[in-house]
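Engineer: The structure that follows is given in the form of structure tokens.
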Amino acid sequence: MLGSNPARRSRMNLSLSALAMQALLSFGGCAVEELEECPLGTEAIGGGCFPIDDAGMNPDSSMDACAEDEISCDGLDDDCDGEIDEGLIEDCDGSSECSPLQRTCESGEWLECIPGDPAAGCECDEGEERSCGTDVGLCSTGRQECQDGTWTECIGGVLPAEERCDGEDNDCDGELDESTDSREACGIEVGACAPGTLRCVEGAQVCVGAALATEESCDGIDNDCDGETDEGLRSLFYADVDGDGHGDSSRTMEACSIAELPGGAEMWSEFGGDCDDACPTCYPEARELCDGRDNDCNPSSGEPYLTFYFDADGDGVGGAHECEACDVSECSLDGLGDGEFVMAGGDCDDTDPERYPGNAETCDGQDNNCNGEADEGLTRRTVYFDEDGDGFGVTSRQGRACGAFGDWATRAGDCAPEDANAFPGQVRSFTVPRRGVGGFDYDCNGSETRHYNSRSPSSCGDTSCFFDAGDFPPFGYSGTVPSCGERAFGYGCFSAGLLACERARRSVAQPCR
């Protein structure tokens, strides 16, 4: 009996909504899993169920091939067209030509009986009315009136129309979109794309089973189905034998990534332009070296000569005399005197080893670090102008400096700025006046102190005539003590030969301080 095979019934349990979902997934370009089973008379293609083109077999039927039309309301696809029980309609009990009642089969079940159209010529009672048509699907019932013994057309209702793929029951048979598959080929067969078949799925014609275009990826496949493979995604790489990051522009390969190439990043580079791929110091924009090679791949740049400076004072920094060469051995010392060439230049005084750039500043009034300033950064104190260089300056002529040097001193109180023998604390005596200001106040204490008074030595020993330099021998005036610088007679010890000293009367000028 038809419908008695459980396996066939199990195949029929695959719902139409599941088929529609499979078709939509396939049309969206996603990977679609193959259906495990399809209804009898169909086969799985690209994730959807499609009618078998050749005659299919119905193992539970007495037929040895598909029927021309559906045979019975049994939930089976007897005509192998991919639809079940379509077009099966029968008269209900009590139906007649003039009062027809009919029902439709849907998925193995008969639907409710509904009135049909009476046959032509059916008689009726004048003025009688009745409902006509159906309320199934898009249809609605209307009214018929008996005129002149016959029923008029059904007025006011919506009659069945041809079924369309729009998700509606246009022919009012209780089914949606049945037999509305276009079955036309859709899609393209280029690259990764493959054609499918137009099927009616949820009210729209959907390309089922097609492989659609996706975003192009670098995998050797034409993913976007434009006839090109990996376009815009492959990069050009250059063979880099010396590993300097730049390759030979004449030896190239295209790849999605450098890792795909033989040797990988150790043998290839994304940058070209290397003028010598056997020289790791030769590549575009490299620093030019004194090695006889074109390091920066620019023949016009030439060798990068270094500048050396002649250092006459030996402080490690050269002066104005320069020598450009790749090596210092190329610089000549002829006519330059003692010294050598060094890399550093800028010495502001190549005759003074205490003056050069970078030297520490010392308190000497000199620009020791060659920055154009002297004694900068050192603690300053009050200094006094010392014209005669005796270590004492004039109190009224002051300045600020780190220390005493040149014409300046850190001590004040010089009373004779033009005489270096006159300064505070002087212990020597002099017989001539101070230069510039006169007087005999050589110790600047405000008074003149005489060296000799009226006393004279009573005798002289063997060594009495020998005294320290700048001092005077023992002496005393015999009369009035003269003023500073004035002469008078007196007695003193005077030299009388080798290691001999005698007391004698002489005229001696009075020394003072």
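Chain labels follow the order of the structure tokens: the first chain is A, the next B, and so on; residue numbering restarts at 1 in every chain, and ligands are counted from 1 in their shown order.
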For range 143-150 of chain A, work out the shell of residues within 12 Å, counting only C-alpha atoms and skipping chain neighbours fewer than 3 positions away, then give it as a PDB file with N, CA, C and O atoms, in the first residue's frame.
Structural biologist:
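Final output, part39.pdb:
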```
ATOM      1  N   CYS A  98     -25.388  21.115  -9.324  1.00  0.00           N
ATOM      2  CA  CYS A  98     -25.918  22.442  -9.053  1.00  0.00           C
ATOM      3  C   CYS A  98     -25.558  22.934  -7.655  1.00  0.00           C
ATOM      4  O   CYS A  98     -25.680  24.126  -7.372  1.00  0.00           O
ATOM      5  N   SER A  99     -25.167  22.035  -6.757  1.00  0.00           N
ATOM      6  CA  SER A  99     -24.716  22.413  -5.410  1.00  0.00           C
ATOM      7  C   SER A  99     -23.420  21.660  -5.110  1.00  0.00           C
ATOM      8  O   SER A  99     -23.388  20.720  -4.299  1.00  0.00           O
ATOM      9  N   PRO A 115     -17.960  25.024  -0.824  1.00  0.00           N
ATOM     10  CA  PRO A 115     -18.834  25.067  -2.014  1.00  0.00           C
ATOM     11  C   PRO A 115     -18.026  25.373  -3.261  1.00  0.00           C
ATOM     12  O   PRO A 115     -17.076  26.146  -3.243  1.00  0.00           O
ATOM     13  N   GLY A 116     -18.476  24.775  -4.379  1.00  0.00           N
ATOM     14  CA  GLY A 116     -17.834  25.041  -5.656  1.00  0.00           C
ATOM     15  C   GLY A 116     -18.793  25.746  -6.596  1.00  0.00           C
ATOM     16  O   GLY A 116     -19.901  26.126  -6.216  1.00  0.00           O
ATOM     17  N   ASP A 117     -18.345  25.937  -7.838  1.00  0.00           N
ATOM     18  CA  ASP A 117     -19.194  26.587  -8.825  1.00  0.00           C
ATOM     19  C   ASP A 117     -20.181  25.563  -9.403  1.00  0.00           C
ATOM     20  O   ASP A 117     -19.772  24.469  -9.804  1.00  0.00           O
ATOM     21  N   PRO A 118     -21.508  25.917  -9.439  1.00  0.00           N
ATOM     22  CA  PRO A 118     -22.488  24.988 -10.024  1.00  0.00           C
ATOM     23  C   PRO A 118     -22.288  24.858 -11.530  1.00  0.00           C
ATOM     24  O   PRO A 118     -21.736  25.750 -12.176  1.00  0.00           O
ATOM     25  N   ALA A 119     -22.722  23.774 -12.050  1.00  0.00           N
ATOM     26  CA  ALA A 119     -22.614  23.541 -13.490  1.00  0.00           C
ATOM     27  C   ALA A 119     -23.573  24.461 -14.229  1.00  0.00           C
ATOM     28  O   ALA A 119     -24.572  24.951 -13.686  1.00  0.00           O
ATOM     29  N   ALA A 120     -23.253  24.748 -15.488  1.00  0.00           N
ATOM     30  CA  ALA A 120     -24.122  25.603 -16.311  1.00  0.00           C
ATOM     31  C   ALA A 120     -25.498  24.955 -16.502  1.00  0.00           C
ATOM     32  O   ALA A 120     -25.608  23.743 -16.655  1.00  0.00           O
ATOM     33  N   GLY A 121     -26.540  25.798 -16.444  1.00  0.00           N
ATOM     34  CA  GLY A 121     -27.905  25.307 -16.714  1.00  0.00           C
ATOM     35  C   GLY A 121     -28.638  24.811 -15.500  1.00  0.00           C
ATOM     36  O   GLY A 121     -29.755  24.310 -15.617  1.00  0.00           O
ATOM     37  N   CYS A 122     -27.936  24.908 -14.306  1.00  0.00           N
ATOM     38  CA  CYS A 122     -28.612  24.437 -13.093  1.00  0.00           C
ATOM     39  C   CYS A 122     -29.789  25.376 -12.782  1.00  0.00           C
ATOM     40  O   CYS A 122     -29.645  26.597 -12.793  1.00  0.00           O
ATOM     41  N   GLU A 123     -30.970  24.775 -12.498  1.00  0.00           N
ATOM     42  CA  GLU A 123     -32.158  25.574 -12.214  1.00  0.00           C
ATOM     43  C   GLU A 123     -32.176  25.956 -10.758  1.00  0.00           C
ATOM     44  O   GLU A 123     -31.562  25.311  -9.916  1.00  0.00           O
ATOM     45  N   CYS A 124     -32.854  27.057 -10.473  1.00  0.00           N
ATOM     46  CA  CYS A 124     -32.992  27.529  -9.091  1.00  0.00           C
ATOM     47  C   CYS A 124     -34.306  28.278  -8.971  1.00  0.00           C
ATOM     48  O   CYS A 124     -34.968  28.561  -9.958  1.00  0.00           O
ATOM     49  N   ASP A 125     -34.690  28.612  -7.723  1.00  0.00           N
ATOM     50  CA  ASP A 125     -35.927  29.352  -7.470  1.00  0.00           C
ATOM     51  C   ASP A 125     -35.645  30.842  -7.614  1.00  0.00           C
ATOM     52  O   ASP A 125     -34.640  31.364  -7.096  1.00  0.00           O
ATOM     53  N   GLU A 126     -36.542  31.528  -8.289  1.00  0.00           N
ATOM     54  CA  GLU A 126     -36.367  32.937  -8.581  1.00  0.00           C
ATOM     55  C   GLU A 126     -36.167  33.718  -7.282  1.00  0.00           C
ATOM     56  O   GLU A 126     -36.933  33.559  -6.320  1.00  0.00           O
ATOM     57  N   GLY A 127     -35.088  34.521  -7.243  1.00  0.00           N
ATOM     58  CA  GLY A 127     -34.804  35.361  -6.069  1.00  0.00           C
ATOM     59  C   GLY A 127     -34.014  34.658  -4.992  1.00  0.00           C
ATOM     60  O   GLY A 127     -33.599  35.283  -4.014  1.00  0.00           O
ATOM     61  N   GLU A 128     -33.767  33.367  -5.143  1.00  0.00           N
ATOM     62  CA  GLU A 128     -32.991  32.637  -4.137  1.00  0.00           C
ATOM     63  C   GLU A 128     -31.528  33.137  -4.164  1.00  0.00           C
ATOM     64  O   GLU A 128     -30.989  33.456  -5.205  1.00  0.00           O
ATOM     65  N   GLU A 129     -30.856  33.199  -3.001  1.00  0.00           N
ATOM     66  CA  GLU A 129     -29.464  33.603  -2.891  1.00  0.00           C
ATOM     67  C   GLU A 129     -28.669  32.541  -2.144  1.00  0.00           C
ATOM     68  O   GLU A 129     -29.214  31.815  -1.317  1.00  0.00           O
ATOM     69  N   ARG A 130     -27.405  32.503  -2.446  1.00  0.00           N
ATOM     70  CA  ARG A 130     -26.518  31.595  -1.711  1.00  0.00           C
ATOM     71  C   ARG A 130     -25.070  32.136  -1.790  1.00  0.00           C
ATOM     72  O   ARG A 130     -24.755  32.951  -2.643  1.00  0.00           O
ATOM     73  N   SER A 131     -24.245  31.643  -0.862  1.00  0.00           N
ATOM     74  CA  SER A 131     -22.826  32.038  -0.885  1.00  0.00           C
ATOM     75  C   SER A 131     -22.103  31.223  -1.936  1.00  0.00           C
ATOM     76  O   SER A 131     -22.526  30.122  -2.300  1.00  0.00           O
ATOM     77  N   CYS A 132     -21.009  31.771  -2.427  1.00  0.00           N
ATOM     78  CA  CYS A 132     -20.224  31.081  -3.448  1.00  0.00           C
ATOM     79  C   CYS A 132     -18.740  31.385  -3.229  1.00  0.00           C
ATOM     80  O   CYS A 132     -18.366  32.341  -2.579  1.00  0.00           O
ATOM     81  N   GLY A 133     -17.900  30.561  -3.775  1.00  0.00           N
ATOM     82  CA  GLY A 133     -16.452  30.745  -3.658  1.00  0.00           C
ATOM     83  C   GLY A 133     -15.920  30.165  -2.369  1.00  0.00           C
ATOM     84  O   GLY A 133     -16.562  29.317  -1.725  1.00  0.00           O
ATOM     85  N   THR A 134     -14.746  30.631  -1.945  1.00  0.00           N
ATOM     86  CA  THR A 134     -14.068  30.087  -0.769  1.00  0.00           C
ATOM     87  C   THR A 134     -13.333  31.218  -0.045  1.00  0.00           C
ATOM     88  O   THR A 134     -12.998  32.260  -0.630  1.00  0.00           O
ATOM     89  N   SER A 140     -12.081  35.053  -1.213  1.00  0.00           N
ATOM     90  CA  SER A 140     -13.150  35.343  -0.252  1.00  0.00           C
ATOM     91  C   SER A 140     -14.484  34.982  -0.907  1.00  0.00           C
ATOM     92  O   SER A 140     -14.627  35.026  -2.127  1.00  0.00           O
ATOM     93  N   GLU A 153     -23.433  34.857 -11.892  1.00  0.00           N
ATOM     94  CA  GLU A 153     -22.019  34.699 -11.510  1.00  0.00           C
ATOM     95  C   GLU A 153     -21.827  35.074 -10.041  1.00  0.00           C
ATOM     96  O   GLU A 153     -22.613  35.820  -9.466  1.00  0.00           O
ATOM     97  N   CYS A 154     -20.707  34.589  -9.453  1.00  0.00           N
ATOM     98  CA  CYS A 154     -20.365  34.867  -8.046  1.00  0.00           C
ATOM     99  C   CYS A 154     -19.910  36.318  -7.955  1.00  0.00           C
ATOM    100  O   CYS A 154     -18.927  36.727  -8.581  1.00  0.00           O
ATOM    101  N   ILE A 155     -20.703  37.098  -7.198  1.00  0.00           N
ATOM    102  CA  ILE A 155     -20.439  38.541  -7.127  1.00  0.00           C
ATOM    103  C   ILE A 155     -19.931  38.895  -5.734  1.00  0.00           C
ATOM    104  O   ILE A 155     -20.433  38.395  -4.730  1.00  0.00           O
ATOM    105  N   GLY A 156     -18.916  39.803  -5.714  1.00  0.00           N
ATOM    106  CA  GLY A 156     -18.427  40.314  -4.436  1.00  0.00           C
ATOM    107  C   GLY A 156     -17.342  39.482  -3.794  1.00  0.00           C
ATOM    108  O   GLY A 156     -16.809  39.846  -2.755  1.00  0.00           O
ATOM    109  N   GLY A 157     -16.994  38.352  -4.365  1.00  0.00           N
ATOM    110  CA  GLY A 157     -15.938  37.524  -3.808  1.00  0.00           C
ATOM    111  C   GLY A 157     -14.650  37.660  -4.599  1.00  0.00           C
ATOM    112  O   GLY A 157     -14.593  38.304  -5.642  1.00  0.00           O
ATOM    113  N   VAL A 158     -13.609  37.062  -4.076  1.00  0.00           N
ATOM    114  CA  VAL A 158     -12.322  37.004  -4.766  1.00  0.00           C
ATOM    115  C   VAL A 158     -12.111  35.574  -5.205  1.00  0.00           C
ATOM    116  O   VAL A 158     -12.056  34.655  -4.372  1.00  0.00           O
ATOM    117  N   LEU A 159     -11.966  35.396  -6.503  1.00  0.00           N
ATOM    118  CA  LEU A 159     -11.854  34.057  -7.055  1.00  0.00           C
ATOM    119  C   LEU A 159     -10.406  33.610  -7.126  1.00  0.00           C
ATOM    120  O   LEU A 159      -9.482  34.421  -7.115  1.00  0.00           O
TER     121      LEU A 159
END
```
Engineer: Taking only C-alpha atoms into account, name the residue in A:Phe430, A:Ala194, A:Glu168, A:Gly174 that is nearest to Cys105 in chain A.
Structural biologist: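 Among the listed residues, the smallest separation from Cys105 in chain A belongs to A:Gly174.
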Engineer: Considering only strand (DSSP E) as DSSP defines it on the backbone, what residues of range 205-420 of chain A qualify? List them as a PyMOL selection string.
Structural biologist: chain A and resi 205-208+235-239+248-255+268-269+306-311+322-325+340-342+381-385+392-401+408-409+411-412
Engineer: Give me the residues within 9 Å of Asp166 in chain A as a ChimeraX atom specification, counting only C-alpha atoms and dropping any in the same chain fewer than 2 places off.
Structural biologist: /A:163-164,168-170,176-177,200,202-205
Engineer: Using only C-alpha atoms, determine which residues lie at most 9 Å from range 470-484 of chain A, disregarding the query and same-chain residues fewer than 5 positions distant; provide the list as a ChimeraX atom specification.
Structural biologist: /A:428-433,439-440,448-457,460,464-465,489-494,505,507-513
Engineer: Put those residues in a file: C-alpha atoms, as a PDB file, in the first residue's frame.
Structural biologist:
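What follows is the written file selection_15.pdb:
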```
ATOM      1  CA  ARG A 428     112.311  97.726  53.945  1.00  0.00           C
ATOM      2  CA  SER A 429     113.490 101.326  54.118  1.00  0.00           C
ATOM      3  CA  PHE A 430     114.434 103.595  51.236  1.00  0.00           C
ATOM      4  CA  THR A 431     116.548 106.731  50.787  1.00  0.00           C
ATOM      5  CA  VAL A 432     114.659 108.176  47.830  1.00  0.00           C
ATOM      6  CA  PRO A 433     111.037 109.371  47.783  1.00  0.00           C
ATOM      7  CA  GLY A 439     107.289 111.005  50.561  1.00  0.00           C
ATOM      8  CA  PHE A 440     108.913 108.081  52.311  1.00  0.00           C
ATOM      9  CA  GLU A 448     107.474 108.103  57.828  1.00  0.00           C
ATOM     10  CA  THR A 449     109.624 105.940  60.073  1.00  0.00           C
ATOM     11  CA  ARG A 450     113.392 106.732  60.147  1.00  0.00           C
ATOM     12  CA  HIS A 451     115.778 103.843  59.988  1.00  0.00           C
ATOM     13  CA  TYR A 452     118.729 105.433  61.950  1.00  0.00           C
ATOM     14  CA  ASN A 453     118.743 107.432  65.143  1.00  0.00           C
ATOM     15  CA  SER A 454     121.734 109.149  66.910  1.00  0.00           C
ATOM     16  CA  ARG A 455     123.272 105.966  68.247  1.00  0.00           C
ATOM     17  CA  SER A 456     126.349 104.509  66.563  1.00  0.00           C
ATOM     18  CA  PRO A 457     128.188 101.228  67.147  1.00  0.00           C
ATOM     19  CA  CYS A 460     132.518  96.328  64.866  1.00  0.00           C
ATOM     20  CA  SER A 464     129.077  93.224  61.490  1.00  0.00           C
ATOM     21  CA  CYS A 465     129.409  94.460  57.930  1.00  0.00           C
ATOM     22  CA  PHE A 489     127.923 112.256  59.305  1.00  0.00           C
ATOM     23  CA  GLY A 490     128.050 109.509  61.753  1.00  0.00           C
ATOM     24  CA  TYR A 491     129.815 106.331  62.727  1.00  0.00           C
ATOM     25  CA  GLY A 492     129.082 102.870  61.425  1.00  0.00           C
ATOM     26  CA  CYS A 493     130.521  99.512  60.498  1.00  0.00           C
ATOM     27  CA  PHE A 494     131.906  99.389  56.999  1.00  0.00           C
ATOM     28  CA  ARG A 505     132.934 108.001  60.148  1.00  0.00           C
ATOM     29  CA  SER A 507     128.128 110.642  55.460  1.00  0.00           C
ATOM     30  CA  VAL A 508     124.984 108.450  55.095  1.00  0.00           C
ATOM     31  CA  ALA A 509     121.531 109.324  53.726  1.00  0.00           C
ATOM     32  CA  GLN A 510     118.667 108.625  56.129  1.00  0.00           C
ATOM     33  CA  PRO A 511     116.536 105.620  54.924  1.00  0.00           C
ATOM     34  CA  CYS A 512     112.818 105.574  55.861  1.00  0.00           C
ATOM     35  CA  ARG A 513     109.590 103.626  55.447  1.00  0.00           C
TER      36      ARG A 513
END
```
Engineer: Counting only C-alpha atoms, which residue out of A:Gly302, A:Cys279, A:Asp135, A:Ala211 sits closest to Asp224 in chain A?
Structural biologist: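 So, comparing all the options, the nearest one is A:Ala211.
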Engineer: Name the closest residue to Leu289 in chain A among the candidates A:Glu270, A:Asp327, A:Asp230, A:Glu260; distances are taken between atoms, counting only C-alpha atoms.
Structural biologist: A:Asp327
Engineer: Show me, as a list in words, the residues that have an atom within 10 Å of His246 in chain A when counting only C-alpha atoms, minus same-chain residues fewer than 3 positions from it.
Structural biologist: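 Once the nearby chain positions are removed, what remains is Phe237, Tyr238, Ala239, Asp240, Val241, Asp242, Gly243, Ser249, Trp268, Ser269, Glu270, Phe271, Gly272, Gly273, Asp274, Cys275, Asp276, Asp277, Pro280, Cys282, Tyr283 and Pro284 of chain A.
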Engineer: Asn445 in chain A: which residues within 12 Å, counting only C-alpha atoms, same-chain residues fewer than 6 positions away excluded, as a PyMOL selection string?
Structural biologist: chain A and resi 413-416+422-427+513
Engineer: For the residues selected in the previous step, produce a file with all heavy atoms as a PDB file, in the first residue's frame.
Structural biologist:
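Listing of result_24.pdb after writing:
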```
ATOM      1  N   GLY A 413      94.540  99.313  49.693  1.00  0.00           N
ATOM      2  CA  GLY A 413      95.363 100.131  50.582  1.00  0.00           C
ATOM      3  C   GLY A 413      96.676 100.603  50.008  1.00  0.00           C
ATOM      4  O   GLY A 413      97.524 101.135  50.754  1.00  0.00           O
ATOM      5  N   ASP A 414      96.924 100.446  48.699  1.00  0.00           N
ATOM      6  CA  ASP A 414      98.182 100.898  48.100  1.00  0.00           C
ATOM      7  C   ASP A 414      98.220 102.438  48.143  1.00  0.00           C
ATOM      8  O   ASP A 414      97.329 103.106  47.608  1.00  0.00           O
ATOM      9  CB  ASP A 414      98.290 100.401  46.667  1.00  0.00           C
ATOM     10  CG  ASP A 414      99.716 100.480  46.141  1.00  0.00           C
ATOM     11  OD1 ASP A 414     100.527 101.202  46.732  1.00  0.00           O
ATOM     12  OD2 ASP A 414     100.004  99.793  45.122  1.00  0.00           O
ATOM     13  N   CYS A 415      99.300 102.986  48.821  1.00  0.00           N
ATOM     14  CA  CYS A 415      99.409 104.437  48.945  1.00  0.00           C
ATOM     15  C   CYS A 415     100.269 105.053  47.846  1.00  0.00           C
ATOM     16  O   CYS A 415     100.326 106.285  47.727  1.00  0.00           O
ATOM     17  CB  CYS A 415      99.967 104.817  50.318  1.00  0.00           C
ATOM     18  SG  CYS A 415     101.567 104.031  50.693  1.00  0.00           S
ATOM     19  N   ALA A 416     100.973 104.242  47.076  1.00  0.00           N
ATOM     20  CA  ALA A 416     101.810 104.733  45.970  1.00  0.00           C
ATOM     21  C   ALA A 416     101.583 103.818  44.770  1.00  0.00           C
ATOM     22  O   ALA A 416     102.352 102.890  44.521  1.00  0.00           O
ATOM     23  CB  ALA A 416     103.280 104.764  46.381  1.00  0.00           C
ATOM     24  N   ALA A 422     106.217 100.389  47.389  1.00  0.00           N
ATOM     25  CA  ALA A 422     105.391 100.974  48.445  1.00  0.00           C
ATOM     26  C   ALA A 422     104.062 100.227  48.508  1.00  0.00           C
ATOM     27  O   ALA A 422     103.276 100.227  47.553  1.00  0.00           O
ATOM     28  CB  ALA A 422     105.164 102.451  48.173  1.00  0.00           C
ATOM     29  N   PHE A 423     103.809  99.583  49.664  1.00  0.00           N
ATOM     30  CA  PHE A 423     102.542  98.859  49.860  1.00  0.00           C
ATOM     31  C   PHE A 423     102.391  98.557  51.346  1.00  0.00           C
ATOM     32  O   PHE A 423     103.375  98.563  52.096  1.00  0.00           O
ATOM     33  CB  PHE A 423     102.516  97.561  49.040  1.00  0.00           C
ATOM     34  CG  PHE A 423     103.710  96.680  49.250  1.00  0.00           C
ATOM     35  CD1 PHE A 423     103.798  95.800  50.335  1.00  0.00           C
ATOM     36  CD2 PHE A 423     104.805  96.733  48.383  1.00  0.00           C
ATOM     37  CE1 PHE A 423     104.896  94.993  50.508  1.00  0.00           C
ATOM     38  CE2 PHE A 423     105.898  95.921  48.560  1.00  0.00           C
ATOM     39  CZ  PHE A 423     105.952  95.054  49.626  1.00  0.00           C
ATOM     40  N   PRO A 424     101.225  98.309  51.808  1.00  0.00           N
ATOM     41  CA  PRO A 424     101.017  98.013  53.221  1.00  0.00           C
ATOM     42  C   PRO A 424     101.855  96.819  53.679  1.00  0.00           C
ATOM     43  O   PRO A 424     101.939  95.802  52.987  1.00  0.00           O
ATOM     44  CB  PRO A 424      99.523  97.710  53.311  1.00  0.00           C
ATOM     45  CG  PRO A 424      98.923  98.446  52.167  1.00  0.00           C
ATOM     46  CD  PRO A 424      99.932  98.384  51.084  1.00  0.00           C
ATOM     47  N   GLY A 425     102.530  96.998  54.849  1.00  0.00           N
ATOM     48  CA  GLY A 425     103.332  95.921  55.395  1.00  0.00           C
ATOM     49  C   GLY A 425     104.767  95.895  54.910  1.00  0.00           C
ATOM     50  O   GLY A 425     105.525  94.980  55.278  1.00  0.00           O
ATOM     51  N   GLN A 426     105.177  96.866  54.118  1.00  0.00           N
ATOM     52  CA  GLN A 426     106.557  96.910  53.640  1.00  0.00           C
ATOM     53  C   GLN A 426     107.502  97.059  54.846  1.00  0.00           C
ATOM     54  O   GLN A 426     107.299  97.903  55.725  1.00  0.00           O
ATOM     55  CB  GLN A 426     106.733  98.086  52.674  1.00  0.00           C
ATOM     56  CG  GLN A 426     108.138  98.343  52.205  1.00  0.00           C
ATOM     57  CD  GLN A 426     108.698  97.233  51.347  1.00  0.00           C
ATOM     58  OE1 GLN A 426     109.198  96.236  51.909  1.00  0.00           O
ATOM     59  NE2 GLN A 426     108.610  97.387  50.025  1.00  0.00           N
ATOM     60  N   VAL A 427     108.581  96.240  54.909  1.00  0.00           N
ATOM     61  CA  VAL A 427     109.518  96.249  56.038  1.00  0.00           C
ATOM     62  C   VAL A 427     110.858  96.869  55.660  1.00  0.00           C
ATOM     63  O   VAL A 427     111.709  97.105  56.521  1.00  0.00           O
ATOM     64  CB  VAL A 427     109.727  94.831  56.591  1.00  0.00           C
ATOM     65  CG1 VAL A 427     108.425  94.307  57.170  1.00  0.00           C
ATOM     66  CG2 VAL A 427     110.280  93.909  55.531  1.00  0.00           C
ATOM     67  N   ARG A 513     110.725 104.383  55.989  1.00  0.00           N
ATOM     68  CA  ARG A 513     109.590 103.626  55.447  1.00  0.00           C
ATOM     69  C   ARG A 513     108.293 104.102  56.082  1.00  0.00           C
ATOM     70  O   ARG A 513     108.305 104.673  57.170  1.00  0.00           O
ATOM     71  CB  ARG A 513     109.765 102.121  55.656  1.00  0.00           C
ATOM     72  CG  ARG A 513     109.667 101.654  57.094  1.00  0.00           C
ATOM     73  CD  ARG A 513     109.593 100.138  57.135  1.00  0.00           C
ATOM     74  NE  ARG A 513     109.488  99.634  58.485  1.00  0.00           N
ATOM     75  CZ  ARG A 513     110.492  99.282  59.265  1.00  0.00           C
ATOM     76  NH1 ARG A 513     111.737  99.372  58.773  1.00  0.00           N
ATOM     77  NH2 ARG A 513     110.305  98.835  60.492  1.00  0.00           N
TER      78      ARG A 513
END
```
Engineer: Counting only C-alpha atoms, which residue out of A:Asp78, A:Asp349, A:Glu376, A:Asp69 sits closest to Thr362 in chain A?
Structural biologist: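 Using only C-alpha atoms, the shortest distance to Thr362 in chain A belongs to A:Glu376.
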Engineer: Nearest residue to Asp334 in chain A out of A:Gln366, A:Asp419, A:Asp443, A:Phe310, using only C-alpha atoms?
Structural biologist: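 Ranking A:Gln366, A:Asp419, A:Asp443, A:Phe310 by distance to Asp334 in chain A, first place goes to A:Phe310.
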Engineer: Residues within 12 Å of Thr379 in chain A, please, as JSON, numbers by chain. Count only C-alpha atoms; anything in the same chain fewer than 6 positions from it doesn't count.
Structural biologist: {"A": [361, 362, 363, 400, 401, 402, 403]}
